[in-house]
$ cat upload_9.cif   # mmCIF, C-alpha atoms
data_input
#
loop_
_atom_site.label_atom_id
_atom_site.label_comp_id
_atom_site.auth_asym_id
_atom_site.auth_seq_id
_atom_site.Cartn_x
_atom_site.Cartn_y
_atom_site.Cartn_z
CA MET A 1 -37.38 21.61 95.06
CA GLN A 2 -37.63 17.89 94.41
CA LEU A 3 -35.32 16.15 91.96
CA ARG A 4 -34.94 12.63 90.65
CA TYR A 5 -31.57 10.89 90.52
CA ASN A 6 -31.47 7.79 88.34
CA PHE A 7 -28.81 5.10 88.69
CA ARG A 8 -28.29 1.79 86.94
CA VAL A 9 -28.65 -1.23 89.24
CA TYR A 10 -27.52 -4.80 88.62
CA PRO A 11 -29.67 -7.31 90.55
CA THR A 12 -28.53 -10.91 90.80
CA PRO A 13 -30.59 -13.66 89.11
CA GLY A 14 -32.32 -14.40 92.42
CA GLN A 15 -33.07 -10.74 92.99
CA ARG A 16 -34.50 -10.46 89.49
CA VAL A 17 -36.94 -13.23 90.38
CA SER A 18 -37.93 -11.32 93.53
CA LEU A 19 -38.35 -8.11 91.56
CA ALA A 20 -40.48 -9.90 88.98
CA ARG A 21 -42.66 -11.21 91.81
CA ALA A 22 -43.00 -7.68 93.21
CA PHE A 23 -43.86 -6.29 89.76
CA GLY A 24 -46.55 -8.92 89.37
CA CYS A 25 -48.06 -8.42 92.83
CA ALA A 26 -48.22 -4.65 92.37
CA ARG A 27 -49.88 -5.14 88.99
CA VAL A 28 -52.49 -7.52 90.41
CA VAL A 29 -53.33 -5.17 93.28
CA TYR A 30 -53.69 -2.27 90.85
CA ASN A 31 -55.95 -4.28 88.52
CA ASP A 32 -58.08 -5.64 91.38
CA ALA A 33 -58.65 -2.15 92.73
CA LEU A 34 -59.47 -0.81 89.28
CA ALA A 35 -61.94 -3.66 88.68
CA ALA A 36 -63.59 -2.93 92.05
CA ARG A 37 -64.08 0.74 91.18
CA ARG A 38 -65.42 -0.12 87.74
CA GLU A 39 -67.88 -2.54 89.31
CA ALA A 40 -68.99 0.11 91.79
CA HIS A 41 -69.52 2.54 88.91
CA ARG A 42 -71.60 0.02 86.95
CA ASN A 43 -73.78 -0.66 89.98
CA ARG A 44 -74.14 3.10 90.54
CA SER A 45 -73.01 2.66 94.13
CA SER A 46 -70.97 5.17 96.07
CA TYR A 47 -67.38 5.90 95.08
CA LEU A 48 -64.94 3.55 96.79
CA PRO A 49 -62.62 5.61 99.04
CA ASP A 50 -58.92 4.90 99.34
CA SER A 51 -59.35 3.45 102.82
CA GLU A 52 -61.87 0.88 101.54
CA LEU A 53 -59.46 -0.31 98.86
CA SER A 54 -56.70 -0.65 101.45
CA THR A 55 -59.01 -2.67 103.71
CA ARG A 56 -59.93 -4.97 100.83
CA LEU A 57 -56.24 -5.51 100.12
CA THR A 58 -55.62 -6.56 103.71
CA GLU A 59 -58.54 -9.00 103.59
CA ALA A 60 -57.39 -10.38 100.22
CA LYS A 61 -54.05 -11.44 101.71
CA LYS A 62 -55.94 -13.77 104.07
CA THR A 63 -57.62 -15.66 101.23
CA PRO A 64 -56.02 -18.67 99.49
CA GLU A 65 -56.35 -16.98 96.08
CA ARG A 66 -54.27 -13.94 97.09
CA ALA A 67 -52.13 -15.33 99.93
CA TRP A 68 -48.98 -14.91 97.79
CA LEU A 69 -49.35 -11.11 98.05
CA ALA A 70 -47.72 -11.39 101.49
CA GLU A 71 -44.47 -12.48 99.83
CA VAL A 72 -43.61 -8.89 98.85
CA SER A 73 -43.33 -5.67 100.84
CA SER A 74 -46.70 -4.23 101.82
CA VAL A 75 -45.44 -0.74 100.91
CA VAL A 76 -45.15 -1.80 97.27
CA LEU A 77 -48.80 -2.86 97.26
CA GLN A 78 -49.98 0.31 99.01
CA GLN A 79 -48.08 2.42 96.47
CA ALA A 80 -49.87 0.55 93.67
CA LEU A 81 -53.17 1.70 95.20
CA ALA A 82 -51.77 5.22 95.49
CA ASP A 83 -50.91 5.15 91.76
CA LEU A 84 -54.50 4.22 90.95
CA ASN A 85 -55.85 7.02 93.13
CA THR A 86 -53.54 9.51 91.42
CA ALA A 87 -54.64 8.27 87.99
CA TYR A 88 -58.30 8.79 88.89
CA ARG A 89 -57.64 12.25 90.32
CA ASN A 90 -55.85 13.27 87.14
CA PHE A 91 -58.69 11.86 85.04
CA PHE A 92 -61.40 13.71 86.97
CA SER A 93 -59.37 16.94 86.98
CA SER A 94 -58.95 16.64 83.23
CA ILE A 95 -62.60 16.09 82.33
CA THR A 96 -63.69 18.93 84.64
CA GLY A 97 -61.16 21.34 83.17
CA LYS A 98 -59.10 21.79 86.32
CA ARG A 99 -56.05 20.12 84.76
CA LYS A 100 -54.30 21.97 81.96
CA GLY A 101 -52.84 20.34 78.87
CA ALA A 102 -53.96 17.33 76.89
CA LYS A 103 -56.94 15.32 78.09
CA VAL A 104 -56.15 12.42 80.39
CA ALA A 105 -57.87 9.10 79.74
CA ALA A 106 -59.42 6.92 82.42
CA PRO A 107 -57.09 4.40 84.12
CA ARG A 108 -56.61 1.14 82.23
CA LEU A 109 -55.64 -2.34 83.34
CA ARG A 110 -51.93 -3.05 83.56
CA SER A 111 -50.49 -5.92 81.54
CA ARG A 112 -47.60 -8.20 82.35
CA LYS A 113 -46.49 -7.62 78.75
CA ASP A 114 -46.01 -3.89 79.28
CA ASN A 115 -42.56 -2.79 78.22
CA ARG A 116 -42.01 -0.88 81.46
CA GLN A 117 -42.50 -2.34 84.93
CA ALA A 118 -42.01 -0.34 88.14
CA ILE A 119 -42.49 -0.54 91.89
CA ARG A 120 -41.97 2.16 94.51
CA PHE A 121 -40.62 2.05 98.06
CA THR A 122 -41.18 4.91 100.51
CA LYS A 123 -39.54 5.60 103.85
CA ASN A 124 -42.08 3.31 105.51
CA ALA A 125 -40.42 0.40 103.72
CA ARG A 126 -37.13 1.28 105.44
CA PHE A 127 -35.01 0.95 102.34
CA ALA A 128 -31.41 2.04 102.82
CA VAL A 129 -28.09 2.59 101.10
CA THR A 130 -25.52 0.37 102.81
CA SER A 131 -21.99 1.39 103.71
CA GLY A 132 -20.82 -0.69 100.77
CA GLY A 133 -22.86 1.38 98.34
CA LYS A 134 -25.63 -1.16 97.74
CA LEU A 135 -29.36 -0.50 97.82
CA ARG A 136 -31.10 -2.57 100.50
CA LEU A 137 -34.75 -3.32 99.70
CA PRO A 138 -37.14 -5.30 101.94
CA LYS A 139 -37.70 -8.92 100.84
CA ILE A 140 -35.34 -8.40 97.88
CA GLY A 141 -31.88 -7.86 99.37
CA ASP A 142 -28.85 -5.70 98.69
CA ILE A 143 -28.70 -4.66 95.03
CA PRO A 144 -25.42 -3.35 93.54
CA VAL A 145 -25.73 0.24 92.24
CA ARG A 146 -23.56 2.01 89.67
CA TRP A 147 -23.17 5.37 91.42
CA SER A 148 -22.32 8.21 89.04
CA ARG A 149 -22.63 10.91 91.74
CA GLU A 150 -23.62 11.32 95.35
CA LEU A 151 -27.15 11.99 96.49
CA PRO A 152 -27.48 15.58 97.79
CA SER A 153 -29.79 14.54 100.63
CA GLU A 154 -31.62 11.57 102.07
CA PRO A 155 -34.12 10.20 99.53
CA SER A 156 -37.80 10.15 100.40
CA SER A 157 -38.60 7.28 98.02
CA VAL A 158 -36.99 5.03 95.46
CA THR A 159 -38.60 3.51 92.36
CA ILE A 160 -37.18 0.38 90.78
CA VAL A 161 -37.79 0.41 87.03
CA LYS A 162 -37.29 -2.29 84.44
CA ASP A 163 -37.36 -0.81 80.94
CA ALA A 164 -38.12 -2.41 77.57
CA ALA A 165 -34.44 -3.24 77.05
CA GLY A 166 -34.36 -5.34 80.22
CA ARG A 167 -32.27 -2.82 82.18
CA TYR A 168 -32.92 -2.02 85.84
CA PHE A 169 -32.77 1.47 87.33
CA ALA A 170 -33.19 2.98 90.78
CA SER A 171 -34.86 6.39 90.72
CA PHE A 172 -34.39 8.33 93.98
CA VAL A 173 -36.54 11.33 94.90
CA VAL A 174 -34.58 13.88 96.92
CA ARG A 175 -35.29 17.39 98.12
CA THR A 176 -32.63 19.99 97.36
CA GLU A 177 -32.22 23.72 97.79
CA ASP A 178 -31.91 26.00 94.77
CA ASP A 179 -28.29 26.59 93.77
CA PRO A 180 -28.19 30.01 92.04
CA LEU A 181 -25.32 30.66 89.67
CA PRO A 182 -23.40 33.97 89.68
CA PRO A 183 -25.37 36.68 87.82
CA SER A 184 -24.65 37.11 84.13
CA ASP A 185 -25.14 40.13 81.90
CA CYS A 186 -26.03 38.01 78.86
CA GLU A 187 -29.49 37.10 77.61
CA VAL A 188 -30.22 34.89 74.62
CA GLY A 189 -33.04 33.99 72.27
CA ILE A 190 -33.06 30.55 70.65
CA ASP A 191 -34.58 29.60 67.32
CA LEU A 192 -35.00 25.81 67.06
CA GLY A 193 -34.90 24.05 63.70
CA LEU A 194 -34.17 20.81 61.89
CA THR A 195 -31.28 21.57 59.53
CA THR A 196 -29.54 23.39 62.39
CA PHE A 197 -30.83 22.34 65.79
CA ALA A 198 -30.55 25.81 67.35
CA VAL A 199 -29.41 29.26 66.36
CA LEU A 200 -28.71 31.66 69.23
CA SER A 201 -29.24 35.38 69.03
CA ASP A 202 -25.54 35.95 69.76
CA GLY A 203 -24.62 34.18 66.54
CA LYS A 204 -23.74 30.77 67.94
CA THR A 205 -25.20 27.67 66.31
CA ILE A 206 -25.77 24.11 67.50
CA ALA A 207 -25.63 21.48 64.77
CA SER A 208 -28.43 18.94 64.56
CA PRO A 209 -27.07 15.59 65.85
CA ARG A 210 -29.73 13.38 64.18
CA PHE A 211 -29.10 10.43 66.47
CA LEU A 212 -31.93 8.32 65.05
CA ARG A 213 -30.82 8.90 61.46
CA GLN A 214 -27.31 7.70 62.31
CA VAL A 215 -28.50 4.26 63.43
CA GLU A 216 -31.51 4.00 61.13
CA ARG A 217 -29.93 1.31 58.96
CA LYS A 218 -28.96 -0.83 61.95
CA LEU A 219 -32.38 -0.36 63.52
CA ARG A 220 -34.16 -1.29 60.30
CA LYS A 221 -32.17 -4.51 60.14
CA ALA A 222 -33.09 -5.39 63.74
CA GLN A 223 -36.77 -4.68 63.12
CA LYS A 224 -36.81 -6.87 60.01
CA ALA A 225 -35.26 -9.69 62.03
CA LEU A 226 -37.97 -9.23 64.67
CA SER A 227 -40.76 -9.41 62.08
CA ARG A 228 -39.50 -12.80 60.86
CA LYS A 229 -39.62 -14.41 64.30
CA GLU A 230 -42.62 -16.53 65.25
CA LYS A 231 -44.94 -14.90 67.76
CA GLY A 232 -44.62 -16.37 71.22
CA SER A 233 -41.19 -17.86 70.58
CA ALA A 234 -38.07 -17.30 72.66
CA ASN A 235 -36.23 -15.99 69.61
CA ARG A 236 -38.86 -13.30 69.16
CA VAL A 237 -38.32 -12.17 72.75
CA LYS A 238 -34.58 -11.90 72.10
CA ALA A 239 -35.17 -9.95 68.89
CA ARG A 240 -37.57 -7.59 70.64
CA VAL A 241 -35.01 -6.85 73.34
CA LYS A 242 -32.41 -6.15 70.65
CA VAL A 243 -34.69 -3.57 69.03
CA ALA A 244 -35.50 -2.04 72.42
CA ARG A 245 -31.81 -1.71 73.26
CA ALA A 246 -31.15 0.10 69.99
CA HIS A 247 -33.94 2.58 70.71
CA ALA A 248 -32.77 2.99 74.33
CA LYS A 249 -29.24 3.81 73.17
CA VAL A 250 -30.57 6.53 70.86
CA ALA A 251 -32.78 7.99 73.61
CA ASP A 252 -29.96 7.97 76.18
CA THR A 253 -27.52 9.61 73.76
CA ARG A 254 -30.04 12.31 72.84
CA LYS A 255 -30.83 13.04 76.49
CA ASP A 256 -27.15 13.24 77.44
CA TRP A 257 -26.53 15.62 74.53
CA ALA A 258 -29.46 17.82 75.56
CA HIS A 259 -28.23 18.00 79.17
CA LYS A 260 -24.74 19.09 78.14
CA HIS A 261 -25.87 21.85 75.77
CA SER A 262 -28.64 23.11 78.06
CA THR A 263 -26.20 23.34 80.98
CA GLN A 264 -23.82 25.44 78.91
CA ILE A 265 -26.61 27.79 77.81
CA ILE A 266 -27.90 28.24 81.37
CA ARG A 267 -24.42 28.93 82.72
CA ASP A 268 -23.67 31.60 80.11
CA ASN A 269 -26.97 33.50 80.14
CA GLN A 270 -29.11 35.15 82.79
CA ALA A 271 -32.29 34.79 80.68
CA VAL A 272 -33.21 32.28 77.99
CA PHE A 273 -36.13 32.74 75.58
CA VAL A 274 -37.43 30.12 73.13
CA GLU A 275 -40.42 29.82 70.84
CA ASP A 276 -43.44 27.85 72.04
CA LEU A 277 -43.47 25.26 69.26
CA SER A 278 -46.38 22.91 68.66
CA VAL A 279 -44.38 19.70 68.60
CA LYS A 280 -47.48 17.49 68.45
CA GLY A 281 -48.78 19.40 65.45
CA LEU A 282 -45.46 19.23 63.62
CA ALA A 283 -45.23 15.51 64.41
CA ARG A 284 -48.30 14.95 62.20
CA THR A 285 -46.59 16.33 59.09
CA ARG A 286 -44.21 14.68 56.63
CA LEU A 287 -41.36 15.88 58.85
CA ALA A 288 -42.56 13.74 61.77
CA LYS A 289 -39.47 11.52 62.01
CA SER A 290 -37.10 14.49 61.94
CA VAL A 291 -39.19 16.37 64.51
CA HIS A 292 -39.15 13.43 66.92
CA ASP A 293 -35.44 12.88 66.31
CA ALA A 294 -34.68 16.52 67.16
CA GLY A 295 -36.23 16.26 70.63
CA TRP A 296 -37.27 19.91 70.96
CA GLY A 297 -39.69 19.19 73.80
CA THR A 298 -37.09 17.42 75.91
CA PHE A 299 -34.54 20.15 75.30
CA THR A 300 -36.86 23.02 76.30
CA ARG A 301 -38.13 21.10 79.35
CA ILE A 302 -34.55 20.57 80.57
CA LEU A 303 -33.79 24.24 79.95
CA GLU A 304 -36.78 25.29 82.04
CA GLU A 305 -35.92 22.94 84.91
CA LYS A 306 -32.29 24.05 85.07
CA ALA A 307 -33.26 27.73 84.86
CA GLN A 308 -35.51 27.29 87.88
CA ARG A 309 -32.84 25.41 89.80
CA TYR A 310 -29.97 27.80 89.05
CA GLY A 311 -31.82 31.10 89.40
CA ARG A 312 -32.14 31.94 85.71
CA VAL A 313 -35.07 33.32 83.73
CA PHE A 314 -36.79 31.08 81.19
CA ALA A 315 -39.75 32.12 79.06
CA GLU A 316 -41.50 30.99 75.90
CA VAL A 317 -42.61 33.33 73.13
CA ASP A 318 -46.01 32.77 71.55
CA ARG A 319 -45.83 30.40 68.57
CA PHE A 320 -47.82 32.86 66.42
CA PHE A 321 -45.27 35.64 66.92
CA PRO A 322 -43.85 36.45 63.42
CA SER A 323 -40.21 35.94 64.40
CA THR A 324 -39.17 34.86 60.90
CA ARG A 325 -41.02 37.54 58.94
CA MET A 326 -40.16 40.48 61.21
CA CYS A 327 -37.06 42.56 60.61
CA SER A 328 -34.98 42.65 63.78
CA VAL A 329 -33.66 46.10 62.82
CA CYS A 330 -36.71 48.19 61.84
CA GLY A 331 -39.55 45.94 63.06
CA ALA A 332 -41.31 45.73 59.68
CA ILE A 333 -43.16 42.48 58.95
CA GLY A 334 -42.90 40.96 55.48
CA GLU A 335 -44.79 38.14 53.82
CA ASN A 336 -44.58 34.46 54.65
CA LYS A 337 -41.32 32.87 53.57
CA PRO A 338 -41.01 29.23 52.46
CA LEU A 339 -38.46 27.04 54.19
CA HIS A 340 -36.06 27.14 51.24
CA VAL A 341 -35.64 30.92 51.70
CA ARG A 342 -32.66 31.12 54.05
CA GLU A 343 -31.87 34.81 53.53
CA TRP A 344 -34.05 37.81 52.79
CA THR A 345 -33.70 41.58 52.51
CA CYS A 346 -35.94 44.04 54.31
CA ARG A 347 -37.07 47.33 52.80
CA CYS A 348 -34.69 49.10 55.18
CA GLY A 349 -31.84 47.50 53.26
CA THR A 350 -30.80 44.95 55.88
CA THR A 351 -30.11 41.42 54.69
CA HIS A 352 -31.03 38.80 57.27
CA ASP A 353 -30.13 35.21 57.87
CA ARG A 354 -33.50 33.56 58.43
CA ASP A 355 -32.68 31.72 61.66
CA LEU A 356 -30.44 34.38 63.24
CA ASN A 357 -33.05 37.06 62.60
CA ALA A 358 -35.72 34.87 64.21
CA ALA A 359 -33.51 34.30 67.26
CA LYS A 360 -32.99 38.06 67.68
CA ASN A 361 -36.73 38.68 67.43
CA ILE A 362 -37.42 35.96 70.00
CA LEU A 363 -34.94 37.63 72.36
CA ALA A 364 -36.61 41.01 71.92
CA ALA A 365 -40.11 39.57 72.41
CA GLY A 366 -39.01 37.63 75.46
CA ARG A 367 -37.47 40.72 77.04
CA ALA A 368 -40.63 42.73 76.38
CA ASP A 369 -42.86 40.06 77.97
CA SER A 370 -40.60 39.52 80.98
CA ARG A 371 -40.52 43.25 81.72
CA ASN A 372 -44.26 43.66 81.13
CA ASP A 373 -43.55 46.09 78.29
CA CYS A 374 -46.23 46.12 75.63
CA GLY A 375 -44.14 48.30 73.33
CA ALA A 376 -45.17 50.25 70.28
CA GLU A 377 -45.22 47.34 67.84
CA VAL A 378 -48.35 45.58 69.08
CA SER A 379 -49.88 45.21 65.63
CA PRO A 380 -47.13 46.09 63.15
CA GLU A 381 -48.06 47.15 59.65
CA LEU A 382 -47.67 44.47 56.99
CA VAL A 383 -45.14 45.64 54.44
CA PRO A 384 -43.65 43.85 51.43
CA ALA A 385 -40.07 42.64 51.66
CA LEU A 386 -37.53 43.07 48.89
CA GLY A 387 -36.32 39.45 48.93
#
$ encode --input "upload_9.cif" --output "C-alpha cells"
Amino acid sequence: MQLRYNFRVYPTPGQRVSLARAFGCARVVYNDALAARREAHRNRSSYLPDSELSTRLTEAKKTPERAWLAEVSSVVLQQALADLNTAYRNFFSSITGKRKGAKVAAPRLRSRKDNRQAIRFTKNARFAVTSGGKLRLPKIGDIPVRWSRELPSEPSSVTIVKDAAGRYFASFVVRTEDDPLPPSDCEVGIDLGLTTFAVLSDGKTIASPRFLRQVERKLRKAQKALSRKEKGSANRVKARVKVARAHAKVADTRKDWAHKHSTQIIRDNQAVFVEDLSVKGLARTRLAKSVHDAGWGTFTRILEEKAQRYGRVFAEVDRFFPSTRMCSVCGAIGENKPLHVREWTCRCGTTHDRDLNAAKNILAAGRADSRNDCGAEVSPELVPALG
C-alpha cells in the first residue's frame, strides 16, 4: 500500500524565493491549460488531449512571454498538467455517476492568493535525500528537513507544500508492505458523541478534548485584530498569518490526538465497528461548531486506514440502525429518546446507559454484518420503554 510521510522543512530565504517562483510557474501552466480547454469547449472543437497540452507548454517556453518558465524544473510544470487532467477525469466521472460520493465541480483557475500552494517532484526530477539529511530539489537546492522518523522505502514522489500559516512541508509518497499485528480476541463497538467523544462497548470512555473551544477566546481576539487592518496592507498580511497559525495549531493538535487514540484502539482489538454518521448533515445544525471541533470524520478515516495496514477489521454500521433505542439485552426497540435522556429502562427490567448501550448494539450489528448473518431481528417489533 502507498503511504504519505509528512515532514517540516526549513528553506533558506533564497530557497523560499525559488519555491515561490516554482509555485507561480506551476500555477500559470495550470491556468493556461485550463483556459485552452475552456476555449476548445466554447468553440465546440475536439477535446484537447494531454499530449497536445504538453506540446503547447514546450512551445510556450520558446516565446518571450513565457520564457521564464524554463527557470524551474520541467517536472513541476508537467505535474501541473497532470493535476489538471486528474481534475477533469474526476469531474467527468462524477457527472456520469462513475465516481461515488459528493459531486465534483469542474476545475477552476488557481489564484496566487490561495492559502495553500504546492508543487510535486517525481523520480524523473531526480530529487534525493543527501547523506546529511537534506532534501535536494532541482533548481532549488538542499533544503533542511526535520526528520521525525525514517522513510520505510525509497519515495516515488515528493510534494512541497506551503500552508496558510506560512509553513513548508515535504510530503513523501512511499510504498510499504502491510504490517499485521498479532491476533487479538477482542472486538469493540464505538459510539461517537459530543459530551463524551467516544464510548466503547467494553465500558471505556474517551473524553471530548474540545481543542477549538479551548483557544476560542484567543482566536476571537486574533480575528478581531485582522478585521481592523486595512485591506492590502502589510499589517493585514501579518494578522492573517497569525489567525492561520492559531487554526493550524488546533488542527495539528486534534490530528495528533486522533492518531494516538486510534492506534491504541487498533492495537487492542481485532475488529472495530463504528456508526456511519452523517457529519455533513450534523454540521448544518446548531451544533455545527461542536461537530467540526470533534473531528469524527478524521478519526474514523484514520481508524480505517490503520485497520487496513495492521490486518484488523473495520466496518461501519448503517446510520439508521436504532442503536440508541434498542435494548442490548433483549433486542426490544423503544421510542425515540431526546438527547437529555442519558439513562433508560427497558421492559425487561434492564437499565441502560444511553451511550454504552448504543456501543454494545453497534458491536452486535457489526459482528452480524461482518459474518453475513442476517439474524432473527431484521424488523424488530416496536415496544414501549419504561423510562
$ atom_distance --input "upload_9.cif" --atom1 "atom CA of Ala164 of chain A" --atom2 "atom CA of Arg245 of chain A"
7.7 Å
$ resolve_selection --input "upload_9.cif" --expression "the PyMOL selection byres ((chain A and resi 153) around 7)" --output "list of chain:residue names"
A:Leu151, A:Pro152, A:Glu154, A:Pro155, A:Val174, A:Arg175, A:Thr176
$ residues_around --input "upload_9.cif" --residues "segment 96-107 of chain A" --least-positions-apart "3" --cutoff "8 Å" --atoms "only C-alpha atoms" --output "PyMOL selection string"
chain A and resi 34+84+87-88+90-93
$ atom_distance --input "upload_9.cif" --atom1 "atom CA of Leu181 of chain A" --atom2 "atom CA of Arg312 of chain A"
8.0 Å
$ atom_distance --input "upload_9.cif" --atom1 "atom CA of Ser46 of chain A" --atom2 "atom CA of Asn85 of chain A"
15.5 Å
$ resolve_selection --input "upload_9.cif" --expression "the PyMOL selection byres ((chain A and resi 188) around 8)" --output "mmCIF file with C-alpha atoms, in the frame of the given file"
data_model
loop_
_atom_site.group_PDB
_atom_site.id
_atom_site.type_symbol
_atom_site.label_atom_id
_atom_site.label_comp_id
_atom_site.auth_asym_id
_atom_site.auth_seq_id
_atom_site.Cartn_x
_atom_site.Cartn_y
_atom_site.Cartn_z
ATOM 1 C CA CYS A 186 -26.030 38.010 78.860
ATOM 2 C CA GLU A 187 -29.490 37.100 77.610
ATOM 3 C CA GLY A 189 -33.040 33.990 72.270
ATOM 4 C CA ILE A 190 -33.060 30.550 70.650
ATOM 5 C CA LEU A 200 -28.710 31.660 69.230
ATOM 6 C CA SER A 201 -29.240 35.380 69.030
ATOM 7 C CA ASP A 202 -25.540 35.950 69.760
ATOM 8 C CA ASN A 269 -26.970 33.500 80.140
ATOM 9 C CA ALA A 271 -32.290 34.790 80.680
ATOM 10 C CA VAL A 272 -33.210 32.280 77.990
ATOM 11 C CA PHE A 273 -36.130 32.740 75.580
ATOM 12 C CA LEU A 363 -34.940 37.630 72.360
#
$ decode --input "upload_9.cif" --residues "segment 295-312 of chain A" --atoms "N, CA, C and O atoms" --output "PDB file, in the first residue's frame"
ATOM      1  N   GLY A 295     -14.264  16.336  15.158  1.00  0.00           N
ATOM      2  CA  GLY A 295     -13.446  15.670  14.151  1.00  0.00           C
ATOM      3  C   GLY A 295     -13.755  14.198  13.991  1.00  0.00           C
ATOM      4  O   GLY A 295     -12.852  13.368  13.875  1.00  0.00           O
ATOM      5  N   TRP A 296     -15.046  13.838  13.970  1.00  0.00           N
ATOM      6  CA  TRP A 296     -15.427  12.431  13.819  1.00  0.00           C
ATOM      7  C   TRP A 296     -14.924  11.840  12.507  1.00  0.00           C
ATOM      8  O   TRP A 296     -14.443  10.715  12.472  1.00  0.00           O
ATOM      9  N   GLY A 297     -15.062  12.602  11.422  1.00  0.00           N
ATOM     10  CA  GLY A 297     -14.658  12.084  10.116  1.00  0.00           C
ATOM     11  C   GLY A 297     -13.183  11.737  10.064  1.00  0.00           C
ATOM     12  O   GLY A 297     -12.790  10.684   9.548  1.00  0.00           O
ATOM     13  N   THR A 298     -12.341  12.616  10.591  1.00  0.00           N
ATOM     14  CA  THR A 298     -10.903  12.356  10.607  1.00  0.00           C
ATOM     15  C   THR A 298     -10.579  11.133  11.449  1.00  0.00           C
ATOM     16  O   THR A 298      -9.756  10.286  11.071  1.00  0.00           O
ATOM     17  N   PHE A 299     -11.243  11.014  12.592  1.00  0.00           N
ATOM     18  CA  PHE A 299     -10.973   9.898  13.490  1.00  0.00           C
ATOM     19  C   PHE A 299     -11.342   8.566  12.842  1.00  0.00           C
ATOM     20  O   PHE A 299     -10.561   7.603  12.879  1.00  0.00           O
ATOM     21  N   THR A 300     -12.516   8.464  12.241  1.00  0.00           N
ATOM     22  CA  THR A 300     -12.931   7.211  11.615  1.00  0.00           C
ATOM     23  C   THR A 300     -12.082   6.888  10.388  1.00  0.00           C
ATOM     24  O   THR A 300     -11.793   5.716  10.111  1.00  0.00           O
ATOM     25  N   ARG A 301     -11.672   7.921   9.639  1.00  0.00           N
ATOM     26  CA  ARG A 301     -10.808   7.676   8.468  1.00  0.00           C
ATOM     27  C   ARG A 301      -9.464   7.105   8.915  1.00  0.00           C
ATOM     28  O   ARG A 301      -8.939   6.165   8.307  1.00  0.00           O
ATOM     29  N   ILE A 302      -8.889   7.648   9.986  1.00  0.00           N
ATOM     30  CA  ILE A 302      -7.612   7.141  10.489  1.00  0.00           C
ATOM     31  C   ILE A 302      -7.770   5.716  11.007  1.00  0.00           C
ATOM     32  O   ILE A 302      -6.899   4.858  10.799  1.00  0.00           O
ATOM     33  N   LEU A 303      -8.893   5.447  11.670  1.00  0.00           N
ATOM     34  CA  LEU A 303      -9.157   4.088  12.138  1.00  0.00           C
ATOM     35  C   LEU A 303      -9.184   3.097  10.975  1.00  0.00           C
ATOM     36  O   LEU A 303      -8.590   2.013  11.043  1.00  0.00           O
ATOM     37  N   GLU A 304      -9.875   3.472   9.907  1.00  0.00           N
ATOM     38  CA  GLU A 304      -9.992   2.592   8.750  1.00  0.00           C
ATOM     39  C   GLU A 304      -8.635   2.347   8.098  1.00  0.00           C
ATOM     40  O   GLU A 304      -8.301   1.213   7.722  1.00  0.00           O
ATOM     41  N   GLU A 305      -7.844   3.397   7.951  1.00  0.00           N
ATOM     42  CA  GLU A 305      -6.534   3.247   7.319  1.00  0.00           C
ATOM     43  C   GLU A 305      -5.612   2.361   8.148  1.00  0.00           C
ATOM     44  O   GLU A 305      -4.912   1.499   7.610  1.00  0.00           O
ATOM     45  N   LYS A 306      -5.629   2.541   9.458  1.00  0.00           N
ATOM     46  CA  LYS A 306      -4.737   1.739  10.303  1.00  0.00           C
ATOM     47  C   LYS A 306      -5.224   0.292  10.388  1.00  0.00           C
ATOM     48  O   LYS A 306      -4.398  -0.629  10.491  1.00  0.00           O
ATOM     49  N   ALA A 307      -6.532   0.083  10.351  1.00  0.00           N
ATOM     50  CA  ALA A 307      -7.048  -1.285  10.351  1.00  0.00           C
ATOM     51  C   ALA A 307      -6.593  -2.030   9.104  1.00  0.00           C
ATOM     52  O   ALA A 307      -6.202  -3.204   9.164  1.00  0.00           O
ATOM     53  N   GLN A 308      -6.620  -1.355   7.970  1.00  0.00           N
ATOM     54  CA  GLN A 308      -6.169  -1.981   6.728  1.00  0.00           C
ATOM     55  C   GLN A 308      -4.672  -2.273   6.770  1.00  0.00           C
ATOM     56  O   GLN A 308      -4.214  -3.332   6.317  1.00  0.00           O
ATOM     57  N   ARG A 309      -3.912  -1.369   7.342  1.00  0.00           N
ATOM     58  CA  ARG A 309      -2.464  -1.535   7.368  1.00  0.00           C
ATOM     59  C   ARG A 309      -2.032  -2.630   8.334  1.00  0.00           C
ATOM     60  O   ARG A 309      -1.087  -3.377   8.054  1.00  0.00           O
ATOM     61  N   TYR A 310      -2.716  -2.742   9.471  1.00  0.00           N
ATOM     62  CA  TYR A 310      -2.284  -3.672  10.512  1.00  0.00           C
ATOM     63  C   TYR A 310      -3.122  -4.944  10.575  1.00  0.00           C
ATOM     64  O   TYR A 310      -3.076  -5.666  11.565  1.00  0.00           O
ATOM     65  N   GLY A 311      -3.888  -5.234   9.532  1.00  0.00           N
ATOM     66  CA  GLY A 311      -4.587  -6.500   9.463  1.00  0.00           C
ATOM     67  C   GLY A 311      -5.768  -6.618  10.394  1.00  0.00           C
ATOM     68  O   GLY A 311      -6.087  -7.719  10.853  1.00  0.00           O
ATOM     69  N   ARG A 312      -6.446  -5.513  10.675  1.00  0.00           N
ATOM     70  CA  ARG A 312      -7.621  -5.523  11.525  1.00  0.00           C
ATOM     71  C   ARG A 312      -8.881  -5.380  10.675  1.00  0.00           C
ATOM     72  O   ARG A 312      -8.827  -5.044   9.484  1.00  0.00           O
TER      73      ARG A 312
END
